[in-house]
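All remarks here apply to the structure that follows.
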Amino acid sequence: MNIQRFTAPTARDALAKARMAFGDGTLILSNRPTANGVEVVATAEDSLAALDQADTFTSRVKDQDALRPAPAPRRANPKNQVEDDVAELAMSTLSFQDYVRERMLRRRQEAASSKVAPPPATPEPASPIAVASPAAPRRLQIDTPAKPRASSPDRSPPAAASAPALSQGIVDELRNMKALIEERFDTLSWLGQARQHPIQSNLMLKLIRAGYSPILARAILEKMPEDTSAAEAVHWVMEVLERNLKTDAGGAAIHDEGGIFALIGATGVGKTTTAAKLAGLCARTHGPSSVGLITLDTYRVGAHEQLRAYGRMMGVVAHLAHDRAALQDLLTLLAAKKMVLIDTTGLSPHDPRKRDMLDLLDLPKVNRLQILNAGGHGDTLEDVVSSFKSKGVQQAVLSKIDEAAKLGPVLDAAIRHQLVLRGVTTGQRVPEDWEAADAGKLVRMSMRAPAKSAFDPVMADMGFFFAKSSGAAHTGGRLDA
């Protein structure tokens, strides 16, 4: 069998050399990166004709020593490069062995079905997988279980069983190459759109810098009317954001509406301070006797004392509930109050106790009010909102607005998850630092030019933001444009 090794700076050049030597019927046995570039071992597919006469092919391909030629008189140059390569690499590639074995079995099955001797082997087109493999710029080592594939109707069960072993690794590599190519095309697509629509690309960059997620920014800009001037485009984007940010501006304020509210959220987002502010607003309007305070926080040191101190300032008694039965008794006792506020333990979204706490709050007429830190990172807010999501209307309060460098991430989470904002807190004063949720004001604050940050992208990076989404993130519902 005539096997040769070709070395070139790139896989494409090495493949070209092999085709020049063997023609269109070139069969690639293996390829590997070297210090000088890429090394390709190839042969002509005509050389396989001699293998058709072998009766014990399977045992011979497993024994590499049996395939090596008998010792011959030593030549003047005993370390001839081609002969050494043949002796070392002949039939050593597992994929090549499986390929030839499958080919032999298929020919024997066709010969048996037609009851005629198999015709002499003729050159066939090279396998697309085998030829495409050496053209890859690098080999990706992916440790994934092989997925079984349906056998072709013209193959026997043994041949079909060997097919995954033949090409699974190469198919995985090609799949990764396809994903890489698609990513590059998406980037080129963005660059092309940026040149054709500079207003859209500049707005995209502005939304990303403001903290909005690429998927929301993309969903908005895709609906932007054509032939829109720069000033009109900015106003249009802000109107879309304001229209999709839900608040209670059309109804009564939360402290005037009243009801039973359990404040939930992660650790340190300001649940206790927010409960004190709501209690103070209700007491100021309807009197101290209209408010009931309950805390479930028996884990944090001083949590009950902090709420009790706020209650004494307003003339309201703060109660402690250790379990579900105690909570039900206190809710029955405070049923005549206009507003009852339940302060809960701050827990991580991945804390196993979170489920027990949410089950404890699963009582009639108990509304959950999620407290979100306005200065939180976008990924953190996404994790928190998804973890504490409940059935029905999702109500939320944005805390620590004064500490947030960017409001884009929290408004983005509120829009995509269709949260109804019931208010915002702007400081630590009780109850003064409380404002109603104004969608227009919040959107304008989020779109103000922020100070330069090391986390801000530049125009050259926008291709990665404009690439197709994997589908994991979503807008949470229909975007009202």
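Ordering of the structure tokens sets the chain letters (A, B, ...); residue numbers start at 1 within each chain; ligands are numbered from 1 in the order shown.
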Which residues in segment 298-412 of chain A does DSSP call strand (DSSP E or B)? List them as a list in words.
Ala318, His319, Leu320, Met339, Val340, Leu341, Ile342, Asp343, Val366, Asn367, Arg368, Leu369, Gln370, Ile371, Leu372, Asn373, Gln395, Ala396, Val397, Leu398 and Ser399 of chain A
Can you tell me, as a list in words, what residues are no more than 10 Å from Phe388 of chain A when counting only C-alpha atoms, ignoring any on the same chain fewer than 6 positions away?
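Surrounding residues, per the criterion: Ile264, Gly265, Ala266, Ser348, Pro349, Lys354, Arg355, Leu358, Arg368, Gln370 and Gln394 of chain A.
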List every residue of segment 209-393 of chain A that DSSP, applied to the backbone of this structure, places in alpha helix (DSSP H), and write the result as a PDB file with N, CA and C atoms, in the first residue's frame.
ATOM      1  N   ARG A 209     -24.480  49.692  27.091  1.00  0.00           N
ATOM      2  CA  ARG A 209     -23.740  50.469  28.089  1.00  0.00           C
ATOM      3  C   ARG A 209     -24.631  50.874  29.257  1.00  0.00           C
ATOM      4  N   PRO A 214     -28.500  42.196  25.903  1.00  0.00           N
ATOM      5  CA  PRO A 214     -28.506  42.190  24.440  1.00  0.00           C
ATOM      6  C   PRO A 214     -29.806  41.661  23.853  1.00  0.00           C
ATOM      7  N   ILE A 215     -30.432  40.679  24.504  1.00  0.00           N
ATOM      8  CA  ILE A 215     -31.642  40.092  23.928  1.00  0.00           C
ATOM      9  C   ILE A 215     -32.803  41.084  23.952  1.00  0.00           C
ATOM     10  N   LEU A 216     -32.918  41.892  25.021  1.00  0.00           N
ATOM     11  CA  LEU A 216     -33.980  42.895  25.061  1.00  0.00           C
ATOM     12  C   LEU A 216     -33.685  44.029  24.088  1.00  0.00           C
ATOM     13  N   ALA A 217     -32.429  44.471  24.047  1.00  0.00           N
ATOM     14  CA  ALA A 217     -32.062  45.536  23.120  1.00  0.00           C
ATOM     15  C   ALA A 217     -32.304  45.107  21.673  1.00  0.00           C
ATOM     16  N   ARG A 218     -31.970  43.857  21.375  1.00  0.00           N
ATOM     17  CA  ARG A 218     -32.173  43.342  20.014  1.00  0.00           C
ATOM     18  C   ARG A 218     -33.665  43.275  19.690  1.00  0.00           C
ATOM     19  N   ALA A 219     -34.479  42.813  20.651  1.00  0.00           N
ATOM     20  CA  ALA A 219     -35.922  42.706  20.407  1.00  0.00           C
ATOM     21  C   ALA A 219     -36.546  44.073  20.166  1.00  0.00           C
ATOM     22  N   ILE A 220     -36.031  45.105  20.828  1.00  0.00           N
ATOM     23  CA  ILE A 220     -36.581  46.453  20.645  1.00  0.00           C
ATOM     24  C   ILE A 220     -36.163  47.017  19.298  1.00  0.00           C
ATOM     25  N   LEU A 221     -34.877  46.918  18.982  1.00  0.00           N
ATOM     26  CA  LEU A 221     -34.366  47.556  17.770  1.00  0.00           C
ATOM     27  C   LEU A 221     -34.871  46.868  16.509  1.00  0.00           C
ATOM     28  N   ALA A 230     -32.032  60.144  14.077  1.00  0.00           N
ATOM     29  CA  ALA A 230     -31.341  59.788  15.312  1.00  0.00           C
ATOM     30  C   ALA A 230     -32.131  60.244  16.536  1.00  0.00           C
ATOM     31  N   ALA A 231     -32.605  61.475  16.529  1.00  0.00           N
ATOM     32  CA  ALA A 231     -33.358  61.988  17.679  1.00  0.00           C
ATOM     33  C   ALA A 231     -34.679  61.232  17.850  1.00  0.00           C
ATOM     34  N   GLU A 232     -35.375  60.988  16.762  1.00  0.00           N
ATOM     35  CA  GLU A 232     -36.632  60.248  16.833  1.00  0.00           C
ATOM     36  C   GLU A 232     -36.405  58.815  17.310  1.00  0.00           C
ATOM     37  N   ALA A 233     -35.292  58.201  16.902  1.00  0.00           N
ATOM     38  CA  ALA A 233     -35.008  56.826  17.307  1.00  0.00           C
ATOM     39  C   ALA A 233     -34.791  56.735  18.803  1.00  0.00           C
ATOM     40  N   VAL A 234     -34.071  57.690  19.388  1.00  0.00           N
ATOM     41  CA  VAL A 234     -33.853  57.679  20.846  1.00  0.00           C
ATOM     42  C   VAL A 234     -35.173  57.808  21.585  1.00  0.00           C
ATOM     43  N   HIS A 235     -36.023  58.751  21.158  1.00  0.00           N
ATOM     44  CA  HIS A 235     -37.326  58.920  21.811  1.00  0.00           C
ATOM     45  C   HIS A 235     -38.195  57.674  21.632  1.00  0.00           C
ATOM     46  N   TRP A 236     -38.120  57.055  20.470  1.00  0.00           N
ATOM     47  CA  TRP A 236     -38.926  55.858  20.226  1.00  0.00           C
ATOM     48  C   TRP A 236     -38.495  54.723  21.142  1.00  0.00           C
ATOM     49  N   VAL A 237     -37.191  54.522  21.304  1.00  0.00           N
ATOM     50  CA  VAL A 237     -36.697  53.465  22.184  1.00  0.00           C
ATOM     51  C   VAL A 237     -37.125  53.709  23.624  1.00  0.00           C
ATOM     52  N   MET A 238     -37.033  54.941  24.082  1.00  0.00           N
ATOM     53  CA  MET A 238     -37.422  55.251  25.461  1.00  0.00           C
ATOM     54  C   MET A 238     -38.923  55.063  25.669  1.00  0.00           C
ATOM     55  N   GLU A 239     -39.720  55.375  24.665  1.00  0.00           N
ATOM     56  CA  GLU A 239     -41.162  55.152  24.771  1.00  0.00           C
ATOM     57  C   GLU A 239     -41.488  53.673  24.844  1.00  0.00           C
ATOM     58  N   VAL A 240     -40.763  52.851  24.075  1.00  0.00           N
ATOM     59  CA  VAL A 240     -41.001  51.408  24.118  1.00  0.00           C
ATOM     60  C   VAL A 240     -40.639  50.856  25.487  1.00  0.00           C
ATOM     61  N   LEU A 241     -39.510  51.285  26.037  1.00  0.00           N
ATOM     62  CA  LEU A 241     -39.120  50.833  27.376  1.00  0.00           C
ATOM     63  C   LEU A 241     -40.148  51.267  28.421  1.00  0.00           C
ATOM     64  N   GLU A 242     -40.585  52.502  28.340  1.00  0.00           N
ATOM     65  CA  GLU A 242     -41.574  52.998  29.309  1.00  0.00           C
ATOM     66  C   GLU A 242     -42.902  52.252  29.185  1.00  0.00           C
ATOM     67  N   ARG A 243     -43.317  51.936  27.946  1.00  0.00           N
ATOM     68  CA  ARG A 243     -44.583  51.243  27.747  1.00  0.00           C
ATOM     69  C   ARG A 243     -44.535  49.815  28.288  1.00  0.00           C
ATOM     70  N   ASN A 244     -43.370  49.192  28.257  1.00  0.00           N
ATOM     71  CA  ASN A 244     -43.252  47.808  28.690  1.00  0.00           C
ATOM     72  C   ASN A 244     -42.859  47.660  30.152  1.00  0.00           C
ATOM     73  N   ILE A 254     -49.557  51.316  47.170  1.00  0.00           N
ATOM     74  CA  ILE A 254     -49.611  50.060  47.914  1.00  0.00           C
ATOM     75  C   ILE A 254     -50.040  50.276  49.369  1.00  0.00           C
ATOM     76  N   HIS A 255     -49.611  51.382  50.005  1.00  0.00           N
ATOM     77  CA  HIS A 255     -49.999  51.625  51.402  1.00  0.00           C
ATOM     78  C   HIS A 255     -51.425  52.125  51.514  1.00  0.00           C
ATOM     79  N   ASP A 256     -52.001  52.652  50.438  1.00  0.00           N
ATOM     80  CA  ASP A 256     -53.414  53.030  50.449  1.00  0.00           C
ATOM     81  C   ASP A 256     -54.303  51.841  50.083  1.00  0.00           C
ATOM     82  N   GLU A 257     -53.792  50.955  49.255  1.00  0.00           N
ATOM     83  CA  GLU A 257     -54.562  49.768  48.873  1.00  0.00           C
ATOM     84  C   GLU A 257     -54.692  48.801  50.037  1.00  0.00           C
ATOM     85  N   LYS A 271     -35.086  44.382  52.855  1.00  0.00           N
ATOM     86  CA  LYS A 271     -36.478  43.976  53.115  1.00  0.00           C
ATOM     87  C   LYS A 271     -36.996  44.607  54.408  1.00  0.00           C
ATOM     88  N   THR A 272     -36.211  44.576  55.476  1.00  0.00           N
ATOM     89  CA  THR A 272     -36.676  45.110  56.766  1.00  0.00           C
ATOM     90  C   THR A 272     -36.889  46.610  56.682  1.00  0.00           C
ATOM     91  N   THR A 273     -35.966  47.328  56.068  1.00  0.00           N
ATOM     92  CA  THR A 273     -36.115  48.785  55.925  1.00  0.00           C
ATOM     93  C   THR A 273     -37.315  49.127  55.053  1.00  0.00           C
ATOM     94  N   THR A 274     -37.545  48.355  53.993  1.00  0.00           N
ATOM     95  CA  THR A 274     -38.707  48.596  53.132  1.00  0.00           C
ATOM     96  C   THR A 274     -40.000  48.334  53.887  1.00  0.00           C
ATOM     97  N   ALA A 275     -40.035  47.271  54.708  1.00  0.00           N
ATOM     98  CA  ALA A 275     -41.224  47.005  55.526  1.00  0.00           C
ATOM     99  C   ALA A 275     -41.492  48.157  56.481  1.00  0.00           C
ATOM    100  N   ALA A 276     -40.443  48.717  57.070  1.00  0.00           N
ATOM    101  CA  ALA A 276     -40.625  49.850  57.982  1.00  0.00           C
ATOM    102  C   ALA A 276     -41.149  51.077  57.233  1.00  0.00           C
ATOM    103  N   LYS A 277     -40.664  51.303  56.022  1.00  0.00           N
ATOM    104  CA  LYS A 277     -41.143  52.456  55.254  1.00  0.00           C
ATOM    105  C   LYS A 277     -42.607  52.300  54.880  1.00  0.00           C
ATOM    106  N   LEU A 278     -43.017  51.120  54.448  1.00  0.00           N
ATOM    107  CA  LEU A 278     -44.429  50.907  54.120  1.00  0.00           C
ATOM    108  C   LEU A 278     -45.307  51.035  55.355  1.00  0.00           C
ATOM    109  N   ALA A 279     -44.831  50.502  56.465  1.00  0.00           N
ATOM    110  CA  ALA A 279     -45.602  50.622  57.713  1.00  0.00           C
ATOM    111  C   ALA A 279     -45.727  52.085  58.117  1.00  0.00           C
ATOM    112  N   GLY A 280     -44.649  52.853  57.980  1.00  0.00           N
ATOM    113  CA  GLY A 280     -44.710  54.270  58.334  1.00  0.00           C
ATOM    114  C   GLY A 280     -45.659  55.047  57.441  1.00  0.00           C
ATOM    115  N   LEU A 281     -45.658  54.759  56.129  1.00  0.00           N
ATOM    116  CA  LEU A 281     -46.570  55.454  55.216  1.00  0.00           C
ATOM    117  C   LEU A 281     -48.021  55.133  55.540  1.00  0.00           C
ATOM    118  N   CYS A 282     -48.296  53.849  55.842  1.00  0.00           N
ATOM    119  CA  CYS A 282     -49.673  53.478  56.172  1.00  0.00           C
ATOM    120  C   CYS A 282     -50.095  54.093  57.511  1.00  0.00           C
ATOM    121  N   ALA A 283     -49.177  54.088  58.485  1.00  0.00           N
ATOM    122  CA  ALA A 283     -49.507  54.673  59.797  1.00  0.00           C
ATOM    123  C   ALA A 283     -49.721  56.168  59.684  1.00  0.00           C
ATOM    124  N   ARG A 284     -48.954  56.827  58.831  1.00  0.00           N
ATOM    125  CA  ARG A 284     -49.103  58.274  58.663  1.00  0.00           C
ATOM    126  C   ARG A 284     -50.464  58.604  58.058  1.00  0.00           C
ATOM    127  N   THR A 285     -50.960  57.762  57.149  1.00  0.00           N
ATOM    128  CA  THR A 285     -52.223  58.044  56.468  1.00  0.00           C
ATOM    129  C   THR A 285     -53.429  57.537  57.243  1.00  0.00           C
ATOM    130  N   HIS A 286     -53.349  56.326  57.803  1.00  0.00           N
ATOM    131  CA  HIS A 286     -54.513  55.689  58.416  1.00  0.00           C
ATOM    132  C   HIS A 286     -54.364  55.469  59.926  1.00  0.00           C
ATOM    133  N   ALA A 303     -32.456  40.667  63.946  1.00  0.00           N
ATOM    134  CA  ALA A 303     -33.479  40.978  62.945  1.00  0.00           C
ATOM    135  C   ALA A 303     -34.786  41.399  63.613  1.00  0.00           C
ATOM    136  N   HIS A 304     -35.224  40.626  64.644  1.00  0.00           N
ATOM    137  CA  HIS A 304     -36.468  40.970  65.333  1.00  0.00           C
ATOM    138  C   HIS A 304     -36.342  42.293  66.061  1.00  0.00           C
ATOM    139  N   GLU A 305     -35.185  42.530  66.683  1.00  0.00           N
ATOM    140  CA  GLU A 305     -34.984  43.778  67.413  1.00  0.00           C
ATOM    141  C   GLU A 305     -34.997  44.985  66.474  1.00  0.00           C
ATOM    142  N   GLN A 306     -34.456  44.814  65.249  1.00  0.00           N
ATOM    143  CA  GLN A 306     -34.457  45.920  64.297  1.00  0.00           C
ATOM    144  C   GLN A 306     -35.878  46.296  63.892  1.00  0.00           C
ATOM    145  N   LEU A 307     -36.720  45.307  63.571  1.00  0.00           N
ATOM    146  CA  LEU A 307     -38.099  45.604  63.200  1.00  0.00           C
ATOM    147  C   LEU A 307     -38.881  46.136  64.384  1.00  0.00           C
ATOM    148  N   ARG A 308     -38.581  45.609  65.568  1.00  0.00           N
ATOM    149  CA  ARG A 308     -39.270  46.103  66.767  1.00  0.00           C
ATOM    150  C   ARG A 308     -38.911  47.557  67.039  1.00  0.00           C
ATOM    151  N   ALA A 309     -37.655  47.940  66.784  1.00  0.00           N
ATOM    152  CA  ALA A 309     -37.239  49.328  66.981  1.00  0.00           C
ATOM    153  C   ALA A 309     -37.976  50.248  66.012  1.00  0.00           C
ATOM    154  N   TYR A 310     -38.101  49.816  64.757  1.00  0.00           N
ATOM    155  CA  TYR A 310     -38.874  50.611  63.801  1.00  0.00           C
ATOM    156  C   TYR A 310     -40.329  50.722  64.246  1.00  0.00           C
ATOM    157  N   GLY A 311     -40.885  49.615  64.769  1.00  0.00           N
ATOM    158  CA  GLY A 311     -42.277  49.647  65.223  1.00  0.00           C
ATOM    159  C   GLY A 311     -42.498  50.616  66.367  1.00  0.00           C
ATOM    160  N   ARG A 312     -41.565  50.680  67.306  1.00  0.00           N
ATOM    161  CA  ARG A 312     -41.711  51.606  68.434  1.00  0.00           C
ATOM    162  C   ARG A 312     -41.707  53.046  67.948  1.00  0.00           C
ATOM    163  N   MET A 313     -40.927  53.353  66.900  1.00  0.00           N
ATOM    164  CA  MET A 313     -40.907  54.714  66.354  1.00  0.00           C
ATOM    165  C   MET A 313     -42.274  55.117  65.816  1.00  0.00           C
ATOM    166  N   MET A 314     -43.049  54.137  65.311  1.00  0.00           N
ATOM    167  CA  MET A 314     -44.351  54.431  64.713  1.00  0.00           C
ATOM    168  C   MET A 314     -45.511  54.069  65.627  1.00  0.00           C
ATOM    169  N   ARG A 324     -45.318  27.902  60.831  1.00  0.00           N
ATOM    170  CA  ARG A 324     -46.541  28.159  60.063  1.00  0.00           C
ATOM    171  C   ARG A 324     -47.751  28.342  60.968  1.00  0.00           C
ATOM    172  N   ALA A 325     -47.840  27.550  62.023  1.00  0.00           N
ATOM    173  CA  ALA A 325     -48.993  27.662  62.930  1.00  0.00           C
ATOM    174  C   ALA A 325     -49.006  29.029  63.613  1.00  0.00           C
ATOM    175  N   ALA A 326     -47.821  29.483  64.062  1.00  0.00           N
ATOM    176  CA  ALA A 326     -47.758  30.792  64.714  1.00  0.00           C
ATOM    177  C   ALA A 326     -48.108  31.906  63.724  1.00  0.00           C
ATOM    178  N   LEU A 327     -47.669  31.757  62.476  1.00  0.00           N
ATOM    179  CA  LEU A 327     -47.993  32.773  61.471  1.00  0.00           C
ATOM    180  C   LEU A 327     -49.494  32.827  61.217  1.00  0.00           C
ATOM    181  N   GLN A 328     -50.137  31.682  61.124  1.00  0.00           N
ATOM    182  CA  GLN A 328     -51.589  31.669  60.906  1.00  0.00           C
ATOM    183  C   GLN A 328     -52.328  32.297  62.082  1.00  0.00           C
ATOM    184  N   ASP A 329     -51.879  32.044  63.308  1.00  0.00           N
ATOM    185  CA  ASP A 329     -52.525  32.641  64.486  1.00  0.00           C
ATOM    186  C   ASP A 329     -52.368  34.157  64.468  1.00  0.00           C
ATOM    187  N   LEU A 330     -51.170  34.646  64.104  1.00  0.00           N
ATOM    188  CA  LEU A 330     -50.958  36.096  64.081  1.00  0.00           C
ATOM    189  C   LEU A 330     -51.771  36.764  62.975  1.00  0.00           C
ATOM    190  N   LEU A 331     -51.889  36.097  61.819  1.00  0.00           N
ATOM    191  CA  LEU A 331     -52.692  36.672  60.744  1.00  0.00           C
ATOM    192  C   LEU A 331     -54.166  36.746  61.133  1.00  0.00           C
ATOM    193  N   THR A 332     -54.628  35.753  61.870  1.00  0.00           N
ATOM    194  CA  THR A 332     -56.015  35.807  62.368  1.00  0.00           C
ATOM    195  C   THR A 332     -56.181  36.941  63.371  1.00  0.00           C
ATOM    196  N   LEU A 333     -55.165  37.133  64.235  1.00  0.00           N
ATOM    197  CA  LEU A 333     -55.216  38.201  65.234  1.00  0.00           C
ATOM    198  C   LEU A 333     -55.201  39.579  64.593  1.00  0.00           C
ATOM    199  N   ARG A 353     -33.175  26.152  52.135  1.00  0.00           N
ATOM    200  CA  ARG A 353     -34.272  26.592  53.009  1.00  0.00           C
ATOM    201  C   ARG A 353     -35.269  27.498  52.302  1.00  0.00           C
ATOM    202  N   LYS A 354     -34.916  27.947  51.101  1.00  0.00           N
ATOM    203  CA  LYS A 354     -35.797  28.865  50.384  1.00  0.00           C
ATOM    204  C   LYS A 354     -37.151  28.219  50.096  1.00  0.00           C
ATOM    205  N   ARG A 355     -37.145  26.974  49.684  1.00  0.00           N
ATOM    206  CA  ARG A 355     -38.391  26.300  49.370  1.00  0.00           C
ATOM    207  C   ARG A 355     -39.288  26.185  50.588  1.00  0.00           C
ATOM    208  N   ASP A 356     -38.705  25.896  51.764  1.00  0.00           N
ATOM    209  CA  ASP A 356     -39.505  25.804  52.990  1.00  0.00           C
ATOM    210  C   ASP A 356     -40.141  27.145  53.327  1.00  0.00           C
ATOM    211  N   MET A 357     -39.394  28.232  53.141  1.00  0.00           N
ATOM    212  CA  MET A 357     -39.942  29.548  53.449  1.00  0.00           C
ATOM    213  C   MET A 357     -41.080  29.910  52.499  1.00  0.00           C
ATOM    214  N   LEU A 358     -40.903  29.626  51.202  1.00  0.00           N
ATOM    215  CA  LEU A 358     -41.967  29.937  50.248  1.00  0.00           C
ATOM    216  C   LEU A 358     -43.212  29.089  50.509  1.00  0.00           C
ATOM    217  N   ASP A 359     -43.019  27.839  50.919  1.00  0.00           N
ATOM    218  CA  ASP A 359     -44.173  27.003  51.269  1.00  0.00           C
ATOM    219  C   ASP A 359     -44.884  27.536  52.500  1.00  0.00           C
ATOM    220  N   LEU A 360     -44.117  28.084  53.438  1.00  0.00           N
ATOM    221  CA  LEU A 360     -44.728  28.642  54.653  1.00  0.00           C
ATOM    222  C   LEU A 360     -45.615  29.845  54.317  1.00  0.00           C
ATOM    223  N   GLY A 378     -26.691  42.202  36.405  1.00  0.00           N
ATOM    224  CA  GLY A 378     -27.776  41.639  35.601  1.00  0.00           C
ATOM    225  C   GLY A 378     -27.949  40.150  35.791  1.00  0.00           C
ATOM    226  N   ASP A 379     -26.857  39.387  35.808  1.00  0.00           N
ATOM    227  CA  ASP A 379     -26.962  37.942  36.000  1.00  0.00           C
ATOM    228  C   ASP A 379     -27.496  37.603  37.387  1.00  0.00           C
ATOM    229  N   THR A 380     -27.080  38.386  38.403  1.00  0.00           N
ATOM    230  CA  THR A 380     -27.571  38.143  39.763  1.00  0.00           C
ATOM    231  C   THR A 380     -29.062  38.423  39.858  1.00  0.00           C
ATOM    232  N   LEU A 381     -29.501  39.518  39.264  1.00  0.00           N
ATOM    233  CA  LEU A 381     -30.930  39.842  39.283  1.00  0.00           C
ATOM    234  C   LEU A 381     -31.746  38.792  38.546  1.00  0.00           C
ATOM    235  N   GLU A 382     -31.226  38.305  37.420  1.00  0.00           N
ATOM    236  CA  GLU A 382     -31.923  37.264  36.671  1.00  0.00           C
ATOM    237  C   GLU A 382     -32.091  36.009  37.518  1.00  0.00           C
ATOM    238  N   ASP A 383     -31.039  35.635  38.241  1.00  0.00           N
ATOM    239  CA  ASP A 383     -31.083  34.451  39.092  1.00  0.00           C
ATOM    240  C   ASP A 383     -32.086  34.631  40.225  1.00  0.00           C
ATOM    241  N   VAL A 384     -32.086  35.810  40.848  1.00  0.00           N
ATOM    242  CA  VAL A 384     -32.980  36.070  41.987  1.00  0.00           C
ATOM    243  C   VAL A 384     -34.431  36.088  41.542  1.00  0.00           C
ATOM    244  N   VAL A 385     -34.729  36.803  40.464  1.00  0.00           N
ATOM    245  CA  VAL A 385     -36.117  36.909  40.007  1.00  0.00           C
ATOM    246  C   VAL A 385     -36.647  35.535  39.600  1.00  0.00           C
ATOM    247  N   SER A 386     -35.841  34.769  38.899  1.00  0.00           N
ATOM    248  CA  SER A 386     -36.282  33.438  38.479  1.00  0.00           C
ATOM    249  C   SER A 386     -36.481  32.518  39.670  1.00  0.00           C
ATOM    250  N   SER A 387     -35.634  32.640  40.691  1.00  0.00           N
ATOM    251  CA  SER A 387     -35.702  31.739  41.842  1.00  0.00           C
ATOM    252  C   SER A 387     -36.908  32.031  42.732  1.00  0.00           C
TER     253      SER A 387
END
Could you check how far atom CA of Ser30 of chain A sits from atom CA of Arg108 of chain A, in Å to one decimal?
26.4 Å
Just give me the gap between atom CA of Val443 of chain A and atom CA of Tyr212 of chain A in Å, one decimal is fine.
11.0 Å
